[in-house]
>>> print(open('input04.txt').read())   # compact mmCIF, C-alpha atoms
# COMPACT_ATOMS: atom_id res chain seq x y z
CA MET A 1107 21.18 31.05 -1.48
CA GLU A 1108 17.63 32.38 -2.04
CA ILE A 1109 14.94 30.09 -3.46
CA ASP A 1110 14.55 32.26 -6.61
CA GLU A 1111 18.28 32.01 -7.26
CA VAL A 1112 18.07 28.24 -6.94
CA VAL A 1113 15.23 28.16 -9.50
CA ASP A 1114 17.34 30.11 -12.02
CA LYS A 1115 20.28 27.83 -11.37
CA ILE A 1116 18.18 24.69 -11.95
CA ILE A 1117 16.82 26.03 -15.24
CA GLU A 1118 20.33 26.92 -16.38
CA GLU A 1119 21.85 23.57 -15.41
CA SER A 1120 18.91 21.57 -16.82
CA GLY A 1121 19.54 23.19 -20.20
CA LYS A 1122 23.17 22.12 -20.10
CA GLN A 1123 22.21 18.51 -19.46
CA LEU A 1124 20.36 17.96 -22.74
CA ILE A 1125 21.91 15.15 -24.76
CA THR A 1126 21.25 13.85 -28.24
CA VAL A 1127 20.75 10.13 -27.48
CA ARG A 1128 18.61 9.29 -24.51
CA PRO A 1129 18.14 5.64 -23.62
CA LYS A 1130 14.87 4.68 -22.00
CA ILE A 1131 15.01 4.69 -18.23
CA MET A 1132 13.85 1.63 -16.32
CA TYR A 1133 12.74 2.36 -12.78
CA LYS A 1134 11.71 0.15 -9.88
CA ILE A 1135 9.51 1.29 -7.01
CA GLY A 1136 8.13 -0.56 -4.01
CA THR A 1137 6.86 0.15 -0.53
CA GLU A 1138 6.80 -1.40 2.93
CA ILE A 1139 3.37 -1.40 4.56
CA GLU A 1140 3.57 -1.60 8.34
CA THR A 1141 0.50 -2.64 10.34
CA VAL A 1142 -0.52 -3.21 13.95
CA ILE A 1143 -1.39 -6.83 13.23
CA SER A 1144 0.48 -8.70 15.94
CA GLY A 1145 0.69 -11.89 13.96
CA TYR A 1146 -0.67 -14.32 16.55
CA ASP A 1147 -0.40 -17.93 15.52
CA CYS A 1148 -1.61 -21.06 17.24
CA GLU A 1149 1.90 -22.16 18.14
CA SER A 1150 2.47 -18.98 20.15
CA CYS A 1151 -0.65 -19.49 22.32
CA SER A 1152 -0.49 -21.92 25.24
CA TYR A 1153 -4.22 -21.43 25.80
CA CYS A 1154 -6.83 -20.89 23.12
CA ALA A 1155 -8.89 -17.82 24.04
CA ILE A 1156 -11.82 -19.05 21.96
CA CYS A 1157 -12.63 -21.26 24.95
CA ASP A 1158 -13.49 -18.18 27.02
CA ASN A 1159 -16.47 -17.60 24.75
CA CYS A 1160 -17.10 -21.03 23.31
CA PRO A 1161 -19.26 -20.73 20.16
CA VAL A 1162 -20.88 -24.12 20.94
CA CYS A 1163 -21.85 -23.01 24.45
CA ILE A 1164 -23.13 -19.64 23.24
CA SER A 1165 -25.31 -21.29 20.61
CA CYS A 1166 -26.55 -23.83 23.16
CA GLN A 1167 -27.52 -21.09 25.61
CA GLU A 1168 -29.21 -18.88 23.01
CA ASN A 1169 -31.27 -21.74 21.60
CA HIS A 1170 -31.83 -23.72 24.83
CA TYR A 1171 -30.33 -26.84 23.30
CA PHE A 1172 -29.45 -27.99 26.83
CA CYS A 1173 -33.14 -28.67 27.38
CA ASP A 1174 -32.88 -31.59 24.95
CA ALA A 1175 -30.70 -33.38 27.50
CA CYS A 1176 -33.31 -33.11 30.25
CA ASP A 1177 -34.82 -36.42 31.41
CA GLU A 1178 -36.09 -37.81 34.71
CA GLU A 1179 -32.60 -38.13 36.14
CA ILE A 1180 -31.70 -34.53 35.16
CA ARG A 1181 -35.04 -33.31 36.50
CA GLN A 1182 -34.32 -34.92 39.86
CA ARG A 1183 -30.84 -33.36 40.03
CA ILE A 1184 -32.27 -29.93 39.21
CA LEU A 1185 -34.83 -30.37 41.98
CA GLU A 1186 -32.16 -31.38 44.49
CA TYR A 1187 -29.99 -28.41 43.49
CA ALA A 1188 -32.93 -26.01 43.90
CA ILE A 1189 -33.70 -27.41 47.36
CA GLU A 1190 -30.03 -27.30 48.45
CA TYR A 1191 -29.74 -23.61 47.54
CA GLU A 1192 -33.19 -22.80 48.96
CA LEU A 1193 -34.70 -21.92 45.62
CA ILE A 1194 -37.57 -24.27 46.52
CA ASP A 1195 -39.04 -24.97 49.93
CA LYS A 1196 -38.61 -28.69 50.50
CA ASN A 1197 -42.02 -28.77 52.15
CA GLU A 1198 -43.61 -27.65 48.87
CA ILE A 1199 -41.98 -30.19 46.57
CA GLU A 1200 -45.33 -31.74 45.75
CA ASN A 1201 -46.54 -28.42 44.33
CA VAL A 1202 -43.60 -28.07 41.92
CA ASN A 1203 -44.71 -29.07 38.46
CA ASP A 1204 -42.53 -29.28 35.33
CA PRO A 1205 -43.23 -25.75 34.00
CA LEU A 1206 -42.34 -24.24 37.39
CA LEU A 1207 -39.19 -26.34 37.68
CA CYS A 1208 -38.15 -25.26 34.17
CA GLU A 1209 -38.63 -21.62 35.09
CA ILE A 1210 -36.53 -22.05 38.24
CA CYS A 1211 -33.83 -23.87 36.29
CA LEU A 1212 -33.62 -21.22 33.53
CA SER A 1213 -33.83 -18.14 35.74
CA ASN A 1214 -31.14 -19.44 38.13
CA TYR A 1215 -28.93 -21.05 35.50
CA ILE A 1216 -29.13 -24.40 37.28
CA TRP A 1217 -28.63 -26.12 33.94
CA GLN A 1218 -25.05 -24.87 33.86
CA ASN A 1219 -24.24 -26.89 36.98
CA VAL A 1220 -26.31 -29.93 36.20
CA ILE A 1221 -26.17 -30.41 32.44
CA CYS A 1222 -22.99 -28.65 31.23
CA GLU A 1223 -20.62 -30.65 33.42
CA ASP A 1224 -21.44 -33.81 31.46
CA CYS A 1225 -21.38 -32.15 28.04
CA SER A 1226 -18.85 -33.49 25.54
CA ARG A 1227 -18.64 -30.20 23.66
CA CYS A 1228 -14.82 -30.19 23.64
CA ASN A 1229 -14.57 -33.48 21.79
CA ASP A 1230 -13.58 -32.89 18.15
CA CYS A 1231 -14.06 -29.12 18.57
CA GLU A 1232 -13.75 -27.30 15.24
CA TYR A 1233 -13.08 -23.92 16.87
CA ILE A 1234 -10.14 -24.50 19.18
CA TYR A 1235 -6.76 -23.54 17.64
CA ASN A 1236 -8.48 -22.64 14.41
CA PRO A 1237 -7.19 -19.29 13.02
CA GLU A 1238 -10.51 -18.70 11.27
CA TYR A 1239 -12.18 -18.24 14.66
CA CYS A 1240 -9.29 -16.58 16.49
CA PRO A 1241 -10.84 -14.04 18.93
CA TYR A 1242 -7.82 -11.75 18.66
CA GLY A 1243 -8.88 -10.91 15.13
CA ASP A 1244 -5.30 -10.53 13.97
CA GLU A 1245 -4.30 -14.02 13.00
CA PHE A 1246 -3.31 -13.25 9.44
CA THR A 1247 -3.03 -15.74 6.61
CA VAL A 1248 -1.85 -14.34 3.29
CA ASN A 1249 -4.47 -14.99 0.65
CA ASP A 1250 -3.91 -15.46 -3.04
CA ASN A 1251 -5.23 -11.96 -3.84
CA ILE A 1252 -2.10 -10.28 -2.48
CA LYS A 1253 0.58 -12.98 -2.69
CA GLN A 1254 1.37 -11.90 -6.24
CA TYR A 1255 2.25 -8.38 -5.05
CA LEU A 1256 4.45 -9.30 -2.08
CA ASP A 1257 8.16 -9.87 -1.77
CA ASP A 1258 8.17 -10.55 1.97
CA ILE A 1259 6.10 -10.53 5.15
CA TYR A 1260 7.62 -10.39 8.60
CA TYR A 1261 6.97 -9.15 12.12
CA ASP A 1262 8.46 -5.72 12.89
CA GLU A 1263 8.73 -5.02 16.63
CA SER A 1264 8.30 -1.26 16.07
CA CYS A 1265 4.72 -1.79 14.94
CA GLY A 1266 3.50 -5.23 13.87
CA MET A 1267 3.35 -7.35 10.73
CA GLU A 1268 5.02 -5.65 7.76
CA PHE A 1269 4.09 -6.30 4.14
CA VAL A 1270 6.89 -5.63 1.67
CA THR A 1271 5.82 -5.23 -1.94
CA LYS A 1272 7.71 -6.39 -4.97
CA PRO A 1273 9.57 -3.69 -6.92
CA PHE A 1274 7.31 -2.48 -9.74
CA SER A 1275 8.38 -1.00 -13.07
CA SER A 1276 4.99 0.67 -13.54
CA LEU A 1277 3.33 3.17 -11.22
CA LYS A 1278 -0.04 1.89 -12.37
CA ASP A 1279 0.84 -1.65 -11.25
CA TYR A 1280 2.26 -0.24 -8.02
CA TRP A 1281 -0.98 1.68 -7.37
CA LYS A 1282 -3.06 -1.45 -7.96
CA ALA A 1283 -0.86 -3.50 -5.61
CA VAL A 1284 -1.01 -0.98 -2.75
CA LYS A 1285 -4.79 -0.75 -3.12
CA GLU A 1286 -5.21 -4.52 -3.01
CA ILE A 1287 -2.85 -5.07 -0.08
CA VAL A 1288 -4.38 -2.32 2.07
CA THR A 1289 -7.90 -3.54 1.24
CA VAL A 1290 -7.06 -7.08 2.34
CA VAL A 1291 -5.00 -6.07 5.39
CA GLY A 1292 -7.63 -3.54 6.47
CA LYS A 1293 -7.17 0.18 7.08
CA GLU A 1294 -8.26 -0.41 10.67
CA ASN A 1295 -4.97 -2.29 11.10
CA ILE A 1296 -2.88 0.69 9.99
CA SER A 1297 -2.25 3.14 12.83
CA ILE A 1298 0.16 6.04 12.36
CA GLU A 1299 0.12 6.88 16.07
CA ASP A 1300 1.32 3.30 16.67
CA LYS A 1301 4.38 4.02 14.49
CA CYS A 1302 3.23 2.37 11.26
CA GLY A 1303 5.47 3.57 8.43
CA GLY A 1304 5.29 3.16 4.66
CA HIS A 1305 8.90 3.30 3.50
CA ILE A 1306 9.32 3.78 -0.25
CA ASN A 1307 12.20 2.16 -2.15
CA ILE A 1308 13.35 3.52 -5.51
CA SER A 1309 16.00 2.53 -8.05
CA TRP A 1310 16.54 3.08 -11.79
CA THR A 1311 18.86 2.41 -14.69
CA ASN A 1312 19.41 4.55 -17.77
CA GLY A 1313 21.69 2.92 -20.32
CA ASN A 1314 25.06 2.44 -18.63
CA LYS A 1315 24.11 4.76 -15.77
CA SER A 1316 22.02 4.03 -12.69
CA TRP A 1317 20.81 5.66 -9.51
CA LYS A 1318 23.97 4.37 -7.78
CA ASP A 1319 26.04 6.84 -9.81
CA TYR A 1320 24.03 9.69 -8.29
CA GLU A 1321 22.91 8.24 -4.93
CA LYS A 1322 24.28 11.08 -2.79
CA ILE A 1323 22.85 13.74 -5.08
CA ILE A 1324 19.42 12.06 -5.05
CA ALA A 1325 19.49 11.66 -1.26
CA LYS A 1326 20.43 15.32 -0.73
CA ASN A 1327 17.73 16.52 -3.13
CA ILE A 1328 15.08 14.52 -1.25
CA LEU A 1329 16.41 15.90 2.04
CA PHE A 1330 16.19 19.43 0.58
CA PHE A 1331 12.43 18.93 0.02
CA SER A 1332 11.83 16.76 3.13
CA ASP A 1333 10.13 19.52 5.14
CA LEU A 1334 7.76 20.35 2.29
CA LEU A 1335 7.02 16.69 1.53
CA SER A 1336 6.31 15.99 5.21
CA TYR A 1337 3.88 18.90 5.33
CA MET A 1338 2.09 17.83 2.16
CA PHE A 1339 1.91 14.07 2.68
CA CYS A 1340 2.34 13.13 6.37
CA SER A 1341 -0.51 12.95 8.86
CA PRO A 1342 -0.67 15.00 12.08
CA GLU A 1343 0.19 11.78 13.97
CA THR A 1344 3.42 11.24 12.06
CA HIS A 1345 5.54 12.56 14.96
CA TRP A 1346 4.93 9.28 16.80
CA ARG A 1347 7.29 7.73 14.24
CA ASP A 1348 10.11 10.25 14.72
CA THR A 1349 12.75 7.77 15.94
CA TYR A 1350 12.43 5.80 12.72
CA LYS A 1351 12.94 8.71 10.30
CA GLU A 1352 15.62 10.94 11.74
CA PHE A 1353 17.00 14.02 10.01
CA PRO A 1354 20.79 14.28 9.52
CA THR A 1355 22.68 15.81 12.44
CA CYS A 1356 24.24 18.63 10.46
CA ILE A 1357 25.13 19.51 6.89
CA GLU A 1358 28.69 18.25 7.39
CA THR A 1359 27.47 14.75 8.31
CA ILE A 1360 24.87 14.26 5.57
CA GLU A 1361 27.07 12.03 3.43
CA ASN A 1362 27.55 9.67 6.38
CA ASP A 1363 24.08 9.93 7.89
CA ILE A 1364 22.32 8.86 4.69
CA TYR A 1365 23.79 5.37 5.15
CA ASP A 1366 22.23 5.04 8.62
CA LYS A 1367 19.25 2.70 8.73
CA TYR A 1368 16.96 5.11 10.55
CA ASN A 1369 17.84 8.23 8.60
CA CYS A 1370 14.78 9.65 6.84
CA VAL A 1371 16.57 9.09 3.52
CA HIS A 1372 18.57 5.87 3.64
CA ILE A 1373 20.83 4.51 0.92
CA LYS A 1374 20.67 0.72 0.67
CA ASP A 1375 22.66 -1.56 -1.58
CA TYR A 1376 19.74 -2.03 -3.97
CA ALA A 1377 17.65 1.15 -3.62
CA ILE A 1378 17.15 4.52 -1.99
CA GLU A 1379 14.77 4.08 0.92
CA VAL A 1380 12.69 7.10 1.91
CA ARG A 1381 11.38 6.57 5.44
CA ILE A 1382 9.38 9.80 5.69
CA PRO A 1383 6.01 8.39 4.46
CA ASP A 1384 3.39 7.03 6.82
CA SER A 1385 1.92 3.61 6.16
CA PRO A 1386 -0.61 3.97 3.29
CA LYS A 1387 -3.86 4.21 5.21
CA ASP A 1388 -4.59 6.96 2.67
CA ILE A 1389 -3.72 4.95 -0.45
CA ASP A 1390 -3.82 7.64 -3.14
CA ASN A 1391 -1.91 10.08 -0.95
CA HIS A 1392 0.84 7.46 -0.64
CA VAL A 1393 0.89 6.77 -4.38
CA LEU A 1394 1.18 10.49 -5.20
CA PHE A 1395 3.97 10.80 -2.62
CA SER A 1396 5.70 7.84 -4.29
CA ALA A 1397 5.40 9.43 -7.74
CA VAL A 1398 6.88 12.72 -6.48
CA LEU A 1399 9.79 10.93 -4.80
CA LEU A 1400 10.41 8.96 -7.98
CA ALA A 1401 10.39 12.18 -10.02
CA ILE A 1402 12.92 13.76 -7.66
CA SER A 1403 15.07 10.63 -7.84
CA LEU A 1404 15.16 10.80 -11.63
CA LYS A 1405 16.90 14.19 -11.50
CA THR A 1406 20.67 14.10 -11.42
CA TYR A 1407 21.34 17.80 -10.89
CA GLU A 1408 22.10 18.65 -7.25
CA ILE A 1409 20.14 21.48 -5.69
CA PRO A 1410 22.43 23.84 -3.72
CA PHE A 1411 21.96 23.03 -0.03
CA ASP A 1412 23.81 25.54 2.17
CA LYS A 1413 23.92 25.70 5.97
CA GLU A 1414 21.15 28.28 6.25
CA THR A 1415 18.78 26.27 4.07
CA PHE A 1416 19.73 23.05 5.88
CA SER A 1417 18.99 24.66 9.24
CA LYS A 1418 15.57 25.96 8.15
CA THR A 1419 14.66 22.67 6.49
CA LYS A 1420 15.60 20.72 9.62
CA GLU A 1421 13.65 23.13 11.82
CA ILE A 1422 10.41 22.65 9.89
CA TYR A 1423 11.03 18.94 9.40
CA LYS A 1424 11.35 18.43 13.16
CA LYS A 1425 8.30 20.57 13.86
CA ILE A 1426 6.28 18.10 11.82
CA ASN A 1427 8.06 14.81 12.37
CA ARG A 1428 9.26 15.10 15.97
CA TYR A 1429 7.05 17.56 17.81
CA GLY A 1430 3.78 17.67 15.85
CA ASP A 1431 3.85 21.48 16.07
CA THR A 1432 1.77 23.96 14.11
CA ILE A 1433 3.25 25.41 10.95
CA ASN A 1434 3.24 29.19 11.33
CA LYS A 1435 2.88 31.86 8.63
CA GLU A 1436 6.63 32.28 8.22
CA ASP A 1437 7.08 28.53 7.79
CA TYR A 1438 4.23 28.36 5.30
CA ALA A 1439 5.70 31.19 3.21
CA TYR A 1440 9.01 29.35 3.12
CA LEU A 1441 7.30 26.09 2.09
CA ARG A 1442 5.28 27.90 -0.57
CA ASP A 1443 8.47 29.19 -2.20
CA LYS A 1444 10.02 25.74 -1.96
CA PHE A 1445 6.91 24.25 -3.59
CA LYS A 1446 7.40 26.54 -6.59
CA LEU A 1447 10.94 25.23 -6.83
CA LEU A 1448 9.76 21.62 -6.55
CA LYS A 1449 7.36 22.06 -9.46
CA LYS A 1450 10.09 23.44 -11.71
CA PHE A 1451 12.55 20.79 -10.61
CA ILE A 1452 10.34 17.74 -11.33
CA GLU A 1453 8.13 19.10 -14.11
CA LYS A 1454 9.51 16.91 -16.91
CA PRO A 1455 9.80 13.55 -15.11
CA LEU A 1456 6.45 14.11 -13.40
CA LYS A 1457 4.81 14.69 -16.77
CA ALA A 1458 6.22 11.42 -18.10
CA LEU A 1459 5.10 9.59 -14.95
CA SER A 1460 1.64 11.11 -15.39
CA HIS A 1461 1.25 9.17 -18.64
CA ASP A 1462 2.45 6.03 -16.91
CA LEU A 1463 -0.15 6.40 -14.17
CA GLY A 1464 -2.94 7.95 -16.23
CA ILE A 1465 -3.15 10.87 -13.81
CA VAL A 1466 -2.25 14.54 -14.25
CA LEU A 1467 0.21 14.42 -11.37
CA MET A 1468 1.08 18.13 -11.37
CA LYS A 1469 -2.56 19.06 -10.78
CA ALA A 1470 -2.80 16.43 -8.06
CA LEU A 1471 0.38 17.81 -6.49
CA GLU A 1472 -0.93 21.39 -6.54
CA HIS A 1473 -4.15 20.21 -4.90
CA ARG A 1474 -2.18 18.37 -2.23
CA PHE A 1475 -0.22 21.53 -1.42
CA ARG A 1476 -3.42 23.57 -1.11
CA TYR A 1477 -4.90 20.90 1.16
CA PRO A 1478 -1.90 19.30 2.92
CA LYS A 1479 -2.24 16.02 4.78
CA TYR A 1480 -0.58 17.52 7.85
CA GLU A 1481 -3.46 19.99 8.24
CA GLU A 1482 -6.12 17.25 8.12
CA PHE A 1483 -7.72 16.24 11.39
CA THR A 1484 -10.07 13.60 10.07
CA ASP A 1485 -9.37 10.33 8.26
CA SER A 1486 -10.17 11.81 4.86
CA GLU A 1487 -8.73 10.14 1.78
CA PHE A 1488 -7.08 11.68 -1.24
CA ASN A 1489 -8.65 10.85 -4.60
CA LEU A 1490 -6.28 10.62 -7.56
CA GLU A 1491 -9.05 9.67 -9.98
CA GLN A 1492 -10.32 13.26 -10.00
CA PHE A 1493 -7.11 14.16 -11.85
CA ALA A 1494 -7.36 11.39 -14.46
CA ILE A 1495 -6.02 12.22 -17.92
CA LYS A 1496 -8.94 12.81 -20.25
CA THR A 1497 -8.23 11.36 -23.69
CA LYS A 1498 -9.79 13.20 -26.62
CA VAL A 1499 -10.39 11.12 -29.74
CA LYS A 1500 -11.18 12.98 -32.97
CA ALA A 1501 -13.64 11.64 -35.51
CA ASN A 1502 -12.04 9.15 -37.96
CA ALA A 1503 -8.84 9.20 -35.91
CA ASN A 1504 -6.63 6.14 -35.69
CA VAL A 1505 -7.36 4.69 -32.26
CA ASN A 1506 -4.48 2.23 -32.49
CA VAL A 1507 -2.06 4.68 -30.95
CA ILE A 1508 0.86 3.85 -28.69
CA PRO A 1509 -0.38 3.56 -25.08
CA SER A 1510 0.67 6.44 -22.88
CA THR A 1511 2.52 4.10 -20.53
CA GLN A 1512 5.08 3.43 -23.27
CA LEU A 1513 6.31 7.03 -23.28
CA THR A 1514 10.03 7.32 -22.57
CA LEU A 1515 11.21 8.68 -19.24
CA MET A 1516 14.35 10.79 -19.25
CA ALA A 1517 16.49 10.74 -16.12
CA PHE A 1518 18.62 13.62 -17.35
CA ALA A 1519 15.83 15.90 -18.55
>>> encode(input="input04.txt", output="structure tokens")
Amino acid sequence: MEIDEVVDKIIEESGKQLITVRPKIMYKIGTEIETVISGYDCESCSYCAICDNCPVCISCQENHYFCDACDEEIRQRILEYAIEYELIDKNEIENVNDPLLCEICLSNYIWQNVICEDCSRCNDCEYIYNPEYCPYGDEFTVNDNIKQYLDDIYYDESCGMEFVTKPFSSLKDYWKAVKEIVTVVGKENISIEDKCGGHINISWTNGNKSWKDYEKIIAKNILFFSDLLSYMFCSPETHWRDTYKEFPTCIETIENDIYDKYNCVHIKDYAIEVRIPDSPKDIDNHVLFSAVLLAISLKTYEIPFDKETFSKTKEIYKKINRYGDTINKEDYAYLRDKFKLLKKFIEKPLKALSHDLGIVLMKALEHRFRYPKYEEFTDSEFNLEQFAIKTKVKANANVNVIPSTQLTLMAFA
């Protein structure tokens, strides 16, 4: 079926789905932020590496604190050491004064052999087995700033420590949480080429209906747009993660494959997990991706997905997510037509979500298509704020209006 025919079909079916009473939809969205933090802890280290570059010793050397220990006995030992290693001619001992002996001691590091061996620096050391001074730099202790946003933290062998957010019922709260977590964790600890993913989990209820009633439809619709979404939102390094976001084998196996853990769209007991996204090193890009996925998930009409379309979608998806290949002109033309379809398909839910987030998401989405993440070759960051909704207040108007975030979302619109 041609893309234009699909557009007409969606418009026709959307019109049929209008109902008189529409309960308010309640959605939940969360993400899993994978990092390269290895999660060292003191119990896992048999030897504390801080001792290799002891802060006490470094400070002592830089400030010559060892000189404070020098007395007549130390002076004599330094002199004997210098004679033994022929740094001083024993026949010229009488000509060696204190300044000369000090110079010989410092320039030949004699103090390390004479003074350091009797130093009690290790007694009551505040640095050893202290995470605050861990030289690995990846001993991570969750601080209070992000605890409130997290559901779980654990070590994932595919990458490193993984930070699982709570499910949020507001995109604005979700955006704030992702910003705070990534800021605290550090973007330098998020590496897409080291397989760091940012899986997004979505669920919703609408009266006596929920996403579970339409889970296969939602999964197939996301799969239908998976090539386009990968092109728009995934980095050029995303192919390093290919084994953790596999595309279904064939169209006949979709309904089984979507229950596989490593399928790019995975149905869990409590949510639909989309494994396509990279870990949110680019925070606003990830949030926009999340909003688009949520908008798709709120639609309950199934887009026709025939063998030909499946084959082309898989071809482009694998170019991006498995091989890291260039998207050619033919591919781009196909994705451009599919983007037009995406806009029509999610227009209504995306508009409602725009009010929730305070961002004109359709404009942000159009900008993302013009400047796709996959075509970026620098660590540039998307900026959602440039698409902020501008509120116009007329003179003498009642400013006590209902906040935009209270607008009703319609799953069946």
>>> closest_residue(input="input04.txt", among="A:Asn1295, A:Asn1314, A:Ser1275, A:Thr1289", to="A:Gly1136", atoms="only C-alpha atoms")
A:Ser1275
>>> closest_residue(input="input04.txt", among="A:Ala1397, A:Ile1234, A:Val1290, A:Val1202", to="A:Asn1159", atoms="all atoms listed in the file")
A:Ile1234
>>> atom_distance(input="input04.txt", atom1="atom CA of A:Leu1256", atom2="atom CA of A:Lys1282")
12.4 Å
>>> residues_around(input="input04.txt", residues="A:His1473", least_positions_apart="5", cutoff="10 Å", atoms="only C-alpha atoms", output="list in words")
Met1338, Leu1467, Met1468, Pro1478, Phe1488 and Phe1493 of chain A
>>> atom_distance(input="input04.txt", atom1="atom CA of A:Ile1296", atom2="atom CA of A:Leu1471")
24.0 Å
>>> atom_distance(input="input04.txt", atom1="atom CA of A:Met1267", atom2="atom CA of A:Glu1138")
10.4 Å
>>> residues_around(input="input04.txt", residues="A:Leu1277", least_positions_apart="2", cutoff="7 Å", atoms="all atoms listed in the file", output="list in words")
Ser1275, Asp1279, Tyr1280, Trp1281, Asp1462 and Leu1463 of chain A
>>> write_last_selection(input="input04.txt", atoms="C-alpha atoms", output="short mmCIF file (atom, residue, chain, number, x, y, z; two decimals), in the frame of the given file")
data_model
loop_
_atom_site.label_atom_id
_atom_site.label_comp_id
_atom_site.auth_asym_id
_atom_site.auth_seq_id
_atom_site.Cartn_x
_atom_site.Cartn_y
_atom_site.Cartn_z
CA SER A 1275 8.38 -1.00 -13.07
CA ASP A 1279 0.84 -1.65 -11.25
CA TYR A 1280 2.26 -0.24 -8.02
CA TRP A 1281 -0.98 1.68 -7.37
CA ASP A 1462 2.45 6.03 -16.91
CA LEU A 1463 -0.15 6.40 -14.17
#
>>> residues_around(input="input04.txt", residues="A:Cys1173", least_positions_apart="4", cutoff="9 Å", atoms="all atoms listed in the file", output="list of chain:residue names")
A:Asp1177, A:Trp1217, A:Ile1221
>>> closest_residue(input="input04.txt", among="A:Thr1141, A:Ser1316, A:Asn1434, A:Ser1276", to="A:Ser1403", atoms="all atoms listed in the file")
A:Ser1316
>>> closest_residue(input="input04.txt", among="A:Glu1179, A:Tyr1337, A:Cys1240, A:Glu1299", to="A:Thr1432", atoms="all atoms listed in the file")
A:Tyr1337
>>> closest_residue(input="input04.txt", among="A:Lys1301, A:Arg1227, A:Lys1318, A:His1461", to="A:Asp1384", atoms="all atoms listed in the file")
A:Lys1301
>>> residues_around(input="input04.txt", residues="A:Cys1176", least_positions_apart="6", cutoff="12 Å", atoms="only C-alpha atoms", output="ChimeraX atom specification")
/A:1170,1182-1184,1204,1207-1208,1211,1216-1217,1220-1222,1224
>>> closest_residue(input="input04.txt", among="A:Lys1425, A:Lys1405, A:Lys1196, A:Lys1444", to="A:Ile1131", atoms="all atoms listed in the file")
A:Lys1405
